[in-house]
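**Student:** Before I ask anything, let me first share the structure, which is written out below as structure tokens.
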Amino acid sequence: MTVQDEATTKGVVLTEAAAVKVGSLLQQEGRDDLRLRIAVQPGGCSGLRYQLYFDERQMDGDVVSEFGTVRVVTDKMSVPYLSGATIDFVDTIEKQGFTIDNPNASGSCACGDSFH
């Protein structure tokens, strides 16, 4: 389940679990000017890699989506690679962290950190 209506999403979708985790991390930072930025950069074993980090900057052409109190920002160069991607947060015995399900990726490396 997502926090935002998928029909209005331009870019990524943040699941409820991911939005709760990001909100918690932002609260720990104690700053209300930070947003979660997701970007695609050259690198990794498959050619492109994801970057997730908190950012206070706003760049020309950024696409901003709101999920409750969490704002997710994608730069204009990364939008085509991330449109329709879902960011989730998993917390199991085997794995803990953010995952990205990207319908635009035609393949990825074994570690899951990069794609093509």
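Please note that chains go A, B, ... in the order of the structure tokens, that every chain numbers its residues from 1, and that ligands are numbered from 1 in the order shown.
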Write out as a list in words the residues lying within 12 Å of A:Met77, counting only C-alpha atoms and excluding same-chain residues fewer than 5 positions away.

**Tutor:**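 Everything that qualifies: Gly11, Ile38, Ala39, Val40, Gln41, Pro42, Met59, Asp60, Gly61, Asp62, Val63, Leu82 and Ser83 of chain A.
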
**Student:** For the residues in that selection, give me N, CA and C atoms as an mmCIF file, in the first residue's frame.

**Tutor:**
```cif
data_model
loop_
_atom_site.group_PDB
_atom_site.id
_atom_site.type_symbol
_atom_site.label_atom_id
_atom_site.label_comp_id
_atom_site.auth_asym_id
_atom_site.auth_seq_id
_atom_site.Cartn_x
_atom_site.Cartn_y
_atom_site.Cartn_z
ATOM 1 N N GLY A 11 7.058 9.836 -11.027
ATOM 2 C CA GLY A 11 8.358 9.377 -10.563
ATOM 3 C C GLY A 11 8.218 8.158 -9.692
ATOM 4 N N ILE A 38 16.257 10.722 -4.391
ATOM 5 C CA ILE A 38 16.665 9.494 -5.073
ATOM 6 C C ILE A 38 17.183 9.907 -6.442
ATOM 7 N N ALA A 39 18.333 9.359 -6.780
ATOM 8 C CA ALA A 39 18.970 9.707 -8.048
ATOM 9 C C ALA A 39 19.589 8.460 -8.661
ATOM 10 N N VAL A 40 19.862 8.551 -9.935
ATOM 11 C CA VAL A 40 20.565 7.505 -10.670
ATOM 12 C C VAL A 40 21.887 8.102 -11.129
ATOM 13 N N GLN A 41 22.971 7.387 -10.840
ATOM 14 C CA GLN A 41 24.307 7.842 -11.204
ATOM 15 C C GLN A 41 25.025 6.735 -11.974
ATOM 16 N N PRO A 42 25.940 7.092 -12.876
ATOM 17 C CA PRO A 42 26.748 6.058 -13.533
ATOM 18 C C PRO A 42 27.590 5.331 -12.489
ATOM 19 N N MET A 59 16.803 21.729 -6.920
ATOM 20 C CA MET A 59 17.457 22.018 -8.188
ATOM 21 C C MET A 59 16.402 22.228 -9.273
ATOM 22 N N ASP A 60 16.784 22.955 -10.279
ATOM 23 C CA ASP A 60 15.889 23.235 -11.396
ATOM 24 C C ASP A 60 15.441 21.921 -12.041
ATOM 25 N N GLY A 61 14.154 21.747 -12.191
ATOM 26 C CA GLY A 61 13.612 20.563 -12.835
ATOM 27 C C GLY A 61 13.320 19.409 -11.901
ATOM 28 N N ASP A 62 13.578 19.571 -10.594
ATOM 29 C CA ASP A 62 13.273 18.514 -9.631
ATOM 30 C C ASP A 62 11.796 18.145 -9.658
ATOM 31 N N VAL A 63 11.518 16.863 -9.519
ATOM 32 C CA VAL A 63 10.147 16.384 -9.357
ATOM 33 C C VAL A 63 9.994 16.024 -7.888
ATOM 34 N N LEU A 82 13.518 6.304 -13.247
ATOM 35 C CA LEU A 82 12.852 5.950 -11.994
ATOM 36 C C LEU A 82 11.337 6.038 -12.032
ATOM 37 N N SER A 83 10.767 6.468 -13.145
ATOM 38 C CA SER A 83 9.325 6.602 -13.236
ATOM 39 C C SER A 83 8.636 5.264 -12.974
#
```

**Student:** Fewer than 3 positions away in the same chain doesn't count, so skip those; otherwise give me all residues within 12 Å of A:Val73, counting only C-alpha atoms, as JSON, numbers by chain.

**Tutor:** {"A": [9, 10, 11, 12, 13, 14, 34, 35, 36, 37, 38, 39, 51, 52, 53, 54, 55, 56, 57, 58, 59, 60, 61, 62, 63, 64, 65, 66, 67, 70, 76, 77, 78, 79, 82]}

**Student:** Once you have the residues from the selection above, write them out as a compact mmCIF listing (two decimals), in the first residue's frame, restricted to N, CA and C atoms.

**Tutor:**
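This went into part13.txt:
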```
# COMPACT_ATOMS: atom_id res chain seq x y z
N THR A 9 1.27 10.25 -9.00
CA THR A 9 2.71 10.13 -8.82
C THR A 9 3.44 10.37 -10.13
N LYS A 10 4.43 11.26 -10.09
CA LYS A 10 5.33 11.48 -11.22
C LYS A 10 6.69 11.02 -10.75
N GLY A 11 7.06 9.84 -11.03
CA GLY A 11 8.36 9.38 -10.56
C GLY A 11 8.22 8.16 -9.69
N VAL A 12 8.71 8.27 -8.48
CA VAL A 12 8.77 7.11 -7.60
C VAL A 12 7.54 7.04 -6.69
N VAL A 13 7.33 5.83 -6.17
CA VAL A 13 6.27 5.57 -5.20
C VAL A 13 6.95 5.12 -3.92
N LEU A 14 6.56 5.67 -2.82
CA LEU A 14 7.08 5.30 -1.51
C LEU A 14 6.02 4.50 -0.79
N LEU A 34 14.75 18.92 5.25
CA LEU A 34 15.33 17.83 4.48
C LEU A 34 14.27 17.04 3.73
N ARG A 35 14.67 16.56 2.56
CA ARG A 35 13.82 15.68 1.75
C ARG A 35 14.64 14.47 1.36
N LEU A 36 13.97 13.38 1.06
CA LEU A 36 14.65 12.19 0.56
C LEU A 36 14.87 12.37 -0.93
N ARG A 37 16.13 12.37 -1.34
CA ARG A 37 16.44 12.49 -2.76
C ARG A 37 16.85 11.12 -3.28
N ILE A 38 16.26 10.72 -4.39
CA ILE A 38 16.67 9.49 -5.07
C ILE A 38 17.18 9.91 -6.44
N ALA A 39 18.33 9.36 -6.78
CA ALA A 39 18.97 9.71 -8.05
C ALA A 39 19.59 8.46 -8.66
N GLN A 51 21.11 6.23 -5.75
CA GLN A 51 21.57 6.99 -4.60
C GLN A 51 20.34 7.46 -3.84
N LEU A 52 20.32 7.20 -2.55
CA LEU A 52 19.27 7.68 -1.65
C LEU A 52 19.95 8.47 -0.55
N TYR A 53 19.55 9.71 -0.37
CA TYR A 53 20.15 10.52 0.69
C TYR A 53 19.22 11.69 1.02
N PHE A 54 19.44 12.28 2.19
CA PHE A 54 18.67 13.46 2.58
C PHE A 54 19.33 14.69 1.99
N ASP A 55 18.50 15.61 1.52
CA ASP A 55 19.01 16.79 0.83
C ASP A 55 18.10 17.97 1.12
N GLU A 56 18.68 19.12 1.34
CA GLU A 56 17.89 20.33 1.55
C GLU A 56 17.81 21.17 0.28
N ARG A 57 18.61 20.83 -0.72
CA ARG A 57 18.65 21.62 -1.95
C ARG A 57 17.42 21.37 -2.83
N GLN A 58 17.10 22.39 -3.60
CA GLN A 58 16.11 22.23 -4.66
C GLN A 58 16.78 22.65 -5.95
N MET A 59 16.80 21.73 -6.92
CA MET A 59 17.46 22.02 -8.19
C MET A 59 16.40 22.23 -9.27
N ASP A 60 16.78 22.95 -10.28
CA ASP A 60 15.89 23.23 -11.40
C ASP A 60 15.44 21.92 -12.04
N GLY A 61 14.15 21.75 -12.19
CA GLY A 61 13.61 20.56 -12.84
C GLY A 61 13.32 19.41 -11.90
N ASP A 62 13.58 19.57 -10.59
CA ASP A 62 13.27 18.51 -9.63
C ASP A 62 11.80 18.15 -9.66
N VAL A 63 11.52 16.86 -9.52
CA VAL A 63 10.15 16.38 -9.36
C VAL A 63 9.99 16.02 -7.89
N VAL A 64 9.02 16.64 -7.23
CA VAL A 64 8.79 16.42 -5.80
C VAL A 64 7.46 15.72 -5.62
N SER A 65 7.49 14.62 -4.88
CA SER A 65 6.27 13.88 -4.54
C SER A 65 6.16 13.85 -3.03
N GLU A 66 4.93 13.98 -2.53
CA GLU A 66 4.71 13.97 -1.08
C GLU A 66 3.98 12.71 -0.68
N PHE A 67 4.48 12.10 0.40
CA PHE A 67 3.91 10.89 0.96
C PHE A 67 3.71 11.15 2.44
N VAL A 70 6.47 13.16 4.33
CA VAL A 70 7.76 12.91 3.66
C VAL A 70 7.72 13.40 2.23
N LYS A 76 15.75 15.90 -12.62
CA LYS A 76 15.15 15.73 -13.95
C LYS A 76 15.88 14.71 -14.81
N MET A 77 17.18 14.49 -14.59
CA MET A 77 17.91 13.50 -15.39
C MET A 77 17.58 12.07 -14.95
N SER A 78 17.20 11.89 -13.69
CA SER A 78 16.92 10.55 -13.16
C SER A 78 15.46 10.13 -13.35
N VAL A 79 14.56 11.08 -13.57
CA VAL A 79 13.13 10.77 -13.68
C VAL A 79 12.83 9.67 -14.71
N LEU A 82 13.52 6.30 -13.25
CA LEU A 82 12.85 5.95 -11.99
C LEU A 82 11.34 6.04 -12.03
```

**Student:** Got a sec: who's within 12 Å of A:Asp91, counting only C-alpha atoms, leaving out chain neighbours fewer than 5 positions off, as a list in words?

**Tutor:**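 The neighbour list is Ala17, Ala18, Lys21, Gln96, Gly97, Phe98 and Thr99 of chain A.
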
**Student:** In Å to one decimal, how far is atom CA of A:Ile100 from atom CA of A:Leu26?

**Tutor:**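 Separation of atom CA of A:Leu26 and atom CA of A:Ile100: 19.5 Å.
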
**Student:** Between atom CA of A:Gln28 and atom CA of A:Thr74, what is the distance in Å, rounded to a tenth?

**Tutor:**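 Interatomic distance, atom CA of A:Gln28 to atom CA of A:Thr74: 22.6 Å.
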